[in-house]
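Here's the structure we're looking at; comments come further down.
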Amino acid sequence: MGFISSIRQFLSGTRKDAKSKPPCLLAIRSSTTLIVLTVNLAIFTDLFYYALIIPVIPFSLTVQVGIPEDQVQHWTSILLACYSVALFVGSPLAGIYADHTSSRRWPLLIGLVALAASTLLLCFGNSIGLLILGRILQGLSASIVWSVGCALLVDTMESAVGVAMGYVGISMSVGLLIAPVVGGAVYAAAGYYAVYYIAFGVVVVDILLRLFMIEKKVARQWINENPVTGPSETEASQIDIEQAAPPSGRRSQDHQNSVQASEETGQLQQDHSEEKRTDTANPSSQGPMTPNKRTHMSRAIKALLKSPRLLAALWGLVVEAGIMMGFDATLALFVQNTFDWNSTAAGILFLAVFLPGFLSPLVGWLSDRYGAKWPSLFGFCLTIPLLICLRFVTQSTIQHKILLGFLLSLLGIALAFANVPLMAEITYVIEEKVAEEPDVFGEKGIYGLGYGLFTMAFALGGVVGPLWAGYVVASAGWGTMTWSFAAWAASAAVVIYIWLGAQVKKTEDIPTAQQDATATNH
């Protein structure tokens with residue numbers, strides 16, 4: 001195999017011929033642990049980089065670009081909005097593209113190019129146009145990371161989708177927690193460029209892991225067909241890959257009440273696996289979308305968007321992201337005005353909100369076991385009284401400071417319960433649609449688009465929440481902002497109670513009816 005063919009195989013993940021050798025360390029590079037680590041580091045890198053440079057944006061505008069002081073707030077808002085707009089627009093496009101490629105490596109590598117270009121432009125840009133372009137590229141890179149990364153986790157983690165999304169929750173918490181503190185401290189101690197040196201270091205590690213990782217469906221080409229691979233490596237790889245079989249037949253525990261249904265699902269899963277391996281091994285099947293493919297994709301998108309469960313989950317994600325980002329925009333200023341705290345003390349206070357995010361894998365496990373509805377509903381119902389009680393923090397006394405920290409800690413737990421199940425619910429919705437109509441989303445599925453819609457919802461909440469919180473605090477005060485957020489959370493709780501997971505019983509009735517019919521015949 002020539003050098004060009006090797007490069008093409010590396011980029012696409014498609015085995016070019018029967019003589020091509022398996023990649024080095026195939027078992028390790030395609031292991032569940034490495035894939036989960038790689039995706040979560042990519043998500044952490046995106047949020048870390050996003051929050052890291054926020055403290056230095058005013059410096060970029062005044063010193064690097066020469067914007068007058070009285071226009072800094074205006075252009076800062078525009079730069080933040082550019083990121084959110086690019087994230088909102090790019091997410092579904094990245095998801096659709098990921099669903100129509102032979103490997104998710106291509107989109108991830110494109111995201112790396114966008115991330116590297118964004119880092120360089122934001123670091124060395126000396127005009128407002130370059131800074132805007134850098135923020136747009138950063139948003140596009142984030143859209144790829146979130147849409148494709150979450151879809152890759154679903155491909156990898158099989159029935160433990162909730163746990164996988166719990167790990168994503170930890171990555172989000174850590175990235176949002178430490179980046180502003182690190183960015184501000186490094187900028188104060190070492191200057192402007194030192195902040196970007198940290199960003200470059202994290203990006204390099206992210207690049208190396210993305211290049212080292214091999215998807216399980218790509219590794220399966222060699223593991224199932226190549227007799228040269230050593231026995232120990234083959235056995236280890238097969239065990240790991242079989243644990244992450246294609247997600248088309250995967251069901252959450254809510255749906256696993258019938259042994260007969262599980263056996264039938266396993267047989268369909270095996271048949272689909274063979275078809276997907278054949279399709280992946282045939283380069284000619286990976287061409288551009290034909291009119292028939294576009295028609296099928298349009299039908300698949302309509303089928304997905306008609307699901308009340310999906311729309312309920314997306315609304316809940318908008319509300320959760322809006323509340324979280326709203327506090328990011330207002331909490332530091334509130335404690336500065338109320339308690340006369342500096343930025344370091346305010347940053348430590350954010351620990352109370354983000355540290356409970358480490359409970360996310362446990363919340364995800366509960367979602368896998370009991371469904372997404374009740375954990376998420378519990379989270380939003382707990383959020384409502386906590387937000388209302390925050391309006392009682394009004395004085396610079398030790399009692400009020402303790403009350404604020406206590407309420408924020410409980411709020412962090414509530415938001416973890418609200419968020420993680422909704423992320424997993426996207427997979428549950430797609431699985432339900434596949435169970436009802438196996439070919440509705442085609443052989444490659446639609447997980448990329450599903451998590452593209454999740455990223456859109458998160459981006460929309462990230463825009464609405466800070467604007468809402470900022471304007472309400474400025475015009476009516478902290479207390480009004482907190483109870484208005486409580487009303488917003490109540491709307492999400494109502495929607496989740498009515499629509500989220502409402503069709504689970506219907507899907508369970510199908511295999512039960514089949515069992516009854518079988519018993520009658522015998």
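In the structure tokens, each chain is lettered A, B, ... as it comes, each chain's residues begin at 1, and ligands are numbered from 1 in order of appearance.
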Would you pick out the contacts of Ser396 in chain A at 12 Å or less, using only C-alpha atoms, so that residues sharing its chain but fewer than 5 positions from it are not included, and give the list as a VMD selection string? chain A and resid 334 to 341 401 to 404
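Pairwise distance (CA of Lys302 in chain A, CA of Leu152 in chain A) equals 22.6 Å.
Nearest-residue note for Leu120 in chain A: choosing from A:Thr45, A:Ser173, A:Thr101, A:Gln138, the minimum distance belongs to A:Gln138, counting only C-alpha atoms.
Computed from the coordinates, the CA of Leu407 in chain A to CA of Phe454 in chain A distance equals 27.7 Å.
Non-sequential neighbours of range 201-215 of chain A (distance at most 8 Å, separation of 4 or more positions within a chain, only C-alpha atoms) are Gly13, Leu26, Arg29, Ser30, Leu34, Ile35, Thr38, Leu41, Ala42, Thr45, Ser103, Arg104, Arg105, Leu108, Leu109, Leu112, Ala116, Tyr197 and Ala219 of chain A.
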So which residues of range 45-130 of chain A fall under alpha helix (DSSP H) by DSSP, listed as a compact mmCIF listing (two decimals) with N, CA, C and O atoms, in the first residue's frame?
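So result_3.txt came out as:
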# COMPACT_ATOMS: atom_id res chain seq x y z
N THR A 45 -11.56 20.86 26.33
CA THR A 45 -10.72 21.84 25.64
C THR A 45 -11.56 22.98 25.08
O THR A 45 -11.18 24.16 25.18
N ASP A 46 -12.70 22.64 24.50
CA ASP A 46 -13.56 23.68 23.93
C ASP A 46 -14.02 24.66 25.00
O ASP A 46 -13.88 25.89 24.85
N LEU A 47 -14.57 24.13 26.11
CA LEU A 47 -15.07 25.02 27.16
C LEU A 47 -13.94 25.73 27.89
O LEU A 47 -14.07 26.90 28.28
N PHE A 48 -12.82 25.03 28.09
CA PHE A 48 -11.67 25.65 28.75
C PHE A 48 -11.15 26.81 27.92
O PHE A 48 -10.89 27.91 28.45
N TYR A 49 -11.01 26.58 26.62
CA TYR A 49 -10.51 27.63 25.74
C TYR A 49 -11.50 28.79 25.66
O TYR A 49 -11.13 29.97 25.65
N TYR A 50 -12.80 28.46 25.62
CA TYR A 50 -13.84 29.49 25.57
C TYR A 50 -13.78 30.40 26.79
O TYR A 50 -13.80 31.63 26.68
N ALA A 51 -13.69 29.78 27.98
CA ALA A 51 -13.71 30.58 29.21
C ALA A 51 -12.35 31.17 29.55
O ALA A 51 -12.27 32.17 30.26
N LEU A 52 -11.27 30.56 29.03
CA LEU A 52 -9.93 31.01 29.36
C LEU A 52 -9.65 32.41 28.84
O LEU A 52 -9.03 33.24 29.52
N ILE A 57 -10.09 39.33 26.67
CA ILE A 57 -10.71 39.95 25.50
C ILE A 57 -10.64 41.48 25.57
O ILE A 57 -10.32 42.13 24.56
N PRO A 58 -10.94 42.10 26.72
CA PRO A 58 -10.81 43.57 26.75
C PRO A 58 -9.40 44.05 26.41
O PRO A 58 -9.24 45.08 25.74
N PHE A 59 -8.38 43.32 26.85
CA PHE A 59 -7.01 43.69 26.50
C PHE A 59 -6.78 43.57 25.00
O PHE A 59 -6.15 44.44 24.38
N VAL A 72 -15.49 49.11 24.36
CA VAL A 72 -15.02 47.76 24.68
C VAL A 72 -16.18 46.83 25.01
O VAL A 72 -16.24 45.69 24.53
N GLN A 73 -17.13 47.28 25.85
CA GLN A 73 -18.26 46.43 26.22
C GLN A 73 -19.09 46.05 25.00
O GLN A 73 -19.53 44.90 24.86
N HIS A 74 -19.27 46.99 24.07
CA HIS A 74 -20.03 46.74 22.85
C HIS A 74 -19.39 45.64 22.02
O HIS A 74 -20.05 44.67 21.61
N TRP A 75 -18.09 45.74 21.79
CA TRP A 75 -17.41 44.75 20.95
C TRP A 75 -17.21 43.43 21.69
O TRP A 75 -17.17 42.36 21.05
N THR A 76 -17.09 43.47 23.00
CA THR A 76 -17.01 42.22 23.76
C THR A 76 -18.30 41.41 23.59
O THR A 76 -18.26 40.19 23.38
N SER A 77 -19.43 42.09 23.67
CA SER A 77 -20.71 41.40 23.48
C SER A 77 -20.82 40.83 22.07
O SER A 77 -21.32 39.71 21.87
N ILE A 78 -20.34 41.56 21.09
CA ILE A 78 -20.39 41.07 19.71
C ILE A 78 -19.53 39.83 19.54
O ILE A 78 -19.93 38.84 18.90
N LEU A 79 -18.34 39.84 20.13
CA LEU A 79 -17.45 38.68 20.02
C LEU A 79 -18.06 37.45 20.69
O LEU A 79 -17.98 36.34 20.16
N LEU A 80 -18.69 37.63 21.84
CA LEU A 80 -19.35 36.52 22.51
C LEU A 80 -20.53 36.02 21.68
O LEU A 80 -20.77 34.80 21.58
N ALA A 81 -21.26 36.93 21.07
CA ALA A 81 -22.41 36.54 20.25
C ALA A 81 -21.96 35.79 19.00
O ALA A 81 -22.65 34.86 18.55
N CYS A 82 -20.83 36.17 18.42
CA CYS A 82 -20.32 35.49 17.22
C CYS A 82 -20.08 34.01 17.50
O CYS A 82 -20.39 33.13 16.68
N TYR A 83 -19.52 33.72 18.66
CA TYR A 83 -19.29 32.32 19.05
C TYR A 83 -20.61 31.56 19.13
O TYR A 83 -20.75 30.46 18.59
N SER A 84 -21.60 32.14 19.81
CA SER A 84 -22.89 31.46 20.00
C SER A 84 -23.62 31.26 18.68
O SER A 84 -24.22 30.20 18.44
N VAL A 85 -23.56 32.26 17.81
CA VAL A 85 -24.23 32.13 16.50
C VAL A 85 -23.58 31.02 15.68
O VAL A 85 -24.26 30.20 15.05
N ALA A 86 -22.24 31.00 15.64
CA ALA A 86 -21.54 29.95 14.88
C ALA A 86 -21.85 28.58 15.47
O ALA A 86 -22.03 27.60 14.73
N LEU A 87 -21.91 28.47 16.79
CA LEU A 87 -22.24 27.21 17.44
C LEU A 87 -23.67 26.78 17.10
O LEU A 87 -23.92 25.60 16.80
N PHE A 88 -24.58 27.73 17.10
CA PHE A 88 -25.99 27.43 16.81
C PHE A 88 -26.17 26.97 15.37
O PHE A 88 -26.88 26.00 15.10
N VAL A 89 -25.54 27.65 14.44
CA VAL A 89 -25.71 27.33 13.02
C VAL A 89 -24.91 26.09 12.62
O VAL A 89 -25.39 25.25 11.85
N GLY A 90 -23.71 25.96 13.16
CA GLY A 90 -22.84 24.88 12.72
C GLY A 90 -23.19 23.52 13.28
O GLY A 90 -22.85 22.50 12.66
N SER A 91 -23.86 23.45 14.42
CA SER A 91 -24.09 22.16 15.08
C SER A 91 -24.90 21.18 14.24
O SER A 91 -24.48 20.03 14.05
N PRO A 92 -26.09 21.56 13.73
CA PRO A 92 -26.83 20.58 12.92
C PRO A 92 -26.11 20.22 11.63
O PRO A 92 -26.19 19.07 11.18
N LEU A 93 -25.39 21.17 11.03
CA LEU A 93 -24.65 20.87 9.82
C LEU A 93 -23.54 19.86 10.09
O LEU A 93 -23.32 18.92 9.32
N ALA A 94 -22.83 20.05 11.21
CA ALA A 94 -21.78 19.11 11.58
C ALA A 94 -22.36 17.73 11.87
O ALA A 94 -21.79 16.70 11.49
N GLY A 95 -23.52 17.70 12.54
CA GLY A 95 -24.16 16.42 12.83
C GLY A 95 -24.58 15.68 11.58
O GLY A 95 -24.37 14.47 11.46
N ILE A 96 -25.19 16.40 10.63
CA ILE A 96 -25.62 15.76 9.38
C ILE A 96 -24.41 15.23 8.61
O ILE A 96 -24.43 14.11 8.08
N TYR A 97 -23.35 16.02 8.56
CA TYR A 97 -22.14 15.58 7.84
C TYR A 97 -21.54 14.34 8.52
O TYR A 97 -21.14 13.38 7.84
N ALA A 98 -21.51 14.32 9.84
CA ALA A 98 -20.95 13.17 10.56
C ALA A 98 -21.77 11.91 10.32
O ALA A 98 -21.21 10.81 10.28
N ASP A 99 -23.08 12.07 10.15
CA ASP A 99 -23.93 10.91 9.91
C ASP A 99 -23.78 10.34 8.50
O ASP A 99 -24.31 9.26 8.22
N ARG A 105 -13.88 10.37 12.27
CA ARG A 105 -12.56 10.99 12.36
C ARG A 105 -12.47 12.24 11.50
O ARG A 105 -11.89 13.25 11.91
N TRP A 106 -13.04 12.19 10.28
CA TRP A 106 -12.97 13.33 9.37
C TRP A 106 -13.51 14.59 10.00
O TRP A 106 -12.84 15.63 10.03
N PRO A 107 -14.75 14.58 10.52
CA PRO A 107 -15.26 15.81 11.15
C PRO A 107 -14.41 16.28 12.32
O PRO A 107 -14.20 17.48 12.50
N LEU A 108 -13.90 15.34 13.12
CA LEU A 108 -13.07 15.74 14.25
C LEU A 108 -11.78 16.40 13.80
O LEU A 108 -11.30 17.35 14.41
N LEU A 109 -11.20 15.90 12.70
CA LEU A 109 -9.98 16.51 12.18
C LEU A 109 -10.27 17.90 11.60
O LEU A 109 -9.46 18.82 11.73
N ILE A 110 -11.43 18.05 10.95
CA ILE A 110 -11.82 19.38 10.46
C ILE A 110 -11.99 20.34 11.64
O ILE A 110 -11.59 21.51 11.58
N GLY A 111 -12.57 19.84 12.73
CA GLY A 111 -12.69 20.66 13.92
C GLY A 111 -11.34 21.09 14.48
O GLY A 111 -11.19 22.20 14.98
N LEU A 112 -10.34 20.20 14.37
CA LEU A 112 -8.99 20.56 14.81
C LEU A 112 -8.42 21.71 14.00
O LEU A 112 -7.80 22.62 14.54
N VAL A 113 -8.65 21.67 12.69
CA VAL A 113 -8.16 22.76 11.84
C VAL A 113 -8.80 24.08 12.24
O VAL A 113 -8.13 25.12 12.36
N ALA A 114 -10.12 24.05 12.45
CA ALA A 114 -10.83 25.26 12.86
C ALA A 114 -10.34 25.76 14.22
O ALA A 114 -10.18 26.96 14.44
N LEU A 115 -10.08 24.83 15.15
CA LEU A 115 -9.62 25.22 16.48
C LEU A 115 -8.23 25.84 16.43
O LEU A 115 -7.97 26.86 17.08
N ALA A 116 -7.33 25.23 15.64
CA ALA A 116 -5.98 25.78 15.53
C ALA A 116 -6.00 27.17 14.90
O ALA A 116 -5.32 28.10 15.36
N ALA A 117 -6.80 27.33 13.83
CA ALA A 117 -6.89 28.64 13.17
C ALA A 117 -7.49 29.68 14.11
O ALA A 117 -7.04 30.84 14.16
N SER A 118 -8.49 29.27 14.89
CA SER A 118 -9.11 30.19 15.84
C SER A 118 -8.11 30.65 16.89
O SER A 118 -8.05 31.85 17.22
N THR A 119 -7.32 29.72 17.41
CA THR A 119 -6.34 30.07 18.44
C THR A 119 -5.32 31.07 17.92
O THR A 119 -4.98 32.05 18.60
N LEU A 120 -4.84 30.86 16.71
CA LEU A 120 -3.85 31.77 16.13
C LEU A 120 -4.45 33.16 15.88
O LEU A 120 -3.81 34.18 16.16
N LEU A 121 -5.68 33.19 15.35
CA LEU A 121 -6.30 34.48 15.04
C LEU A 121 -6.58 35.28 16.31
O LEU A 121 -6.34 36.49 16.36
N LEU A 122 -7.08 34.62 17.35
CA LEU A 122 -7.39 35.33 18.57
C LEU A 122 -6.14 35.77 19.31
O LEU A 122 -6.14 36.79 20.02
N CYS A 123 -5.06 35.03 19.15
CA CYS A 123 -3.82 35.38 19.84
C CYS A 123 -3.10 36.53 19.14
O CYS A 123 -2.67 37.49 19.81
N PHE A 124 -3.00 36.46 17.82
CA PHE A 124 -2.18 37.43 17.09
C PHE A 124 -2.99 38.42 16.25
O PHE A 124 -2.41 39.27 15.58
N ILE A 128 -10.35 44.07 14.33
CA ILE A 128 -11.60 43.53 14.84
C ILE A 128 -12.14 42.45 13.93
O ILE A 128 -12.76 41.48 14.39
N GLY A 129 -11.87 42.55 12.62
CA GLY A 129 -12.32 41.52 11.69
C GLY A 129 -11.67 40.18 11.96
O GLY A 129 -12.33 39.13 11.90
N LEU A 130 -10.37 40.17 12.28
CA LEU A 130 -9.68 38.93 12.57
C LEU A 130 -10.18 38.30 13.88
O LEU A 130 -10.32 37.08 13.98
Quick one: residues within 7 Å of Ala329 in chain A, only C-alpha atoms, excluding same-chain residues fewer than 4 positions away - as a list in words? Met325, Pro466 and Gly470 of chain A
As an MDAnalysis selection string, please: the residues near range 177-187 of chain A (cut-off 7 Å, only C-alpha atoms, same-chain neighbours under 6 positions excluded). chainID A and resid 48 51:53 55 194:195 347 350:351 354
Using only N, CA and C atoms, please write the residues we just selected to a file, as a short mmCIF file (atom, residue, chain, number, x, y, z; two decimals), in the first residue's frame.
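Now in result.cif:
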data_model
loop_
_atom_site.label_atom_id
_atom_site.label_comp_id
_atom_site.auth_asym_id
_atom_site.auth_seq_id
_atom_site.Cartn_x
_atom_site.Cartn_y
_atom_site.Cartn_z
N PHE A 48 -12.82 25.03 28.09
CA PHE A 48 -11.67 25.65 28.75
C PHE A 48 -11.15 26.81 27.92
N ALA A 51 -13.69 29.78 27.98
CA ALA A 51 -13.71 30.58 29.21
C ALA A 51 -12.35 31.17 29.55
N LEU A 52 -11.27 30.56 29.03
CA LEU A 52 -9.93 31.01 29.36
C LEU A 52 -9.65 32.41 28.84
N ILE A 53 -10.12 32.69 27.61
CA ILE A 53 -9.75 33.95 26.97
C ILE A 53 -10.70 35.10 27.30
N PRO A 55 -11.25 36.66 30.14
CA PRO A 55 -10.63 37.77 30.89
C PRO A 55 -9.69 38.64 30.06
N ALA A 194 0.92 34.62 27.62
CA ALA A 194 1.02 33.43 28.47
C ALA A 194 -0.31 32.70 28.57
N VAL A 195 -1.42 33.44 28.50
CA VAL A 195 -2.74 32.80 28.52
C VAL A 195 -2.91 31.90 27.31
N GLY A 347 -14.65 33.84 42.14
CA GLY A 347 -14.31 32.61 41.42
C GLY A 347 -14.40 31.39 42.31
N PHE A 350 -17.87 30.04 42.66
CA PHE A 350 -18.36 29.21 41.56
C PHE A 350 -18.10 27.73 41.81
N LEU A 351 -17.17 27.41 42.72
CA LEU A 351 -16.96 26.01 43.08
C LEU A 351 -18.25 25.38 43.58
N PHE A 354 -20.28 24.37 40.43
CA PHE A 354 -19.76 23.41 39.46
C PHE A 354 -19.25 22.11 40.06
#
Which is closer to Gly450 in chain A than all the others in A:Ser307, A:Ser141, A:Thr383, A:Ser127, using only C-alpha atoms? A:Ser307
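Among A:Val353, A:Val434, A:Ala346, A:Ile398, the residue with the shortest atom-to-atom distance to Leu410 in chain A, counting only C-alpha atoms, is A:Val353.
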Straight-line distance linking CA of Leu176 in chain A with CA of Leu422 in chain A, stated in Å to one decimal: 19.7 Å
Near Phe44 in chain A, counting only C-alpha atoms, which residues have an atom at most 7 Å away, once you skip same-chain residues fewer than 5 positions from it, shown as a PyMOL selection string? chain A and resi 171-172+175
Suppose we keep N, CA, C and O atoms; can you now write the selection as a compact mmCIF listing (two decimals), in the first residue's frame?
# COMPACT_ATOMS: atom_id res chain seq x y z
N SER A 171 -16.74 17.03 32.33
CA SER A 171 -15.88 17.84 31.47
C SER A 171 -16.36 19.28 31.40
O SER A 171 -15.55 20.22 31.44
N MET A 172 -17.67 19.46 31.29
CA MET A 172 -18.24 20.81 31.27
C MET A 172 -17.94 21.54 32.57
O MET A 172 -17.53 22.71 32.57
N GLY A 175 -14.14 22.38 32.91
CA GLY A 175 -13.72 23.42 31.98
C GLY A 175 -14.21 24.80 32.38
O GLY A 175 -13.44 25.77 32.39
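The residue that comes closest to Ala493 in chain A, out of A:Gly316, A:Pro438, A:Pro23, A:Gly371 and on the basis of only C-alpha atoms, is A:Gly316.
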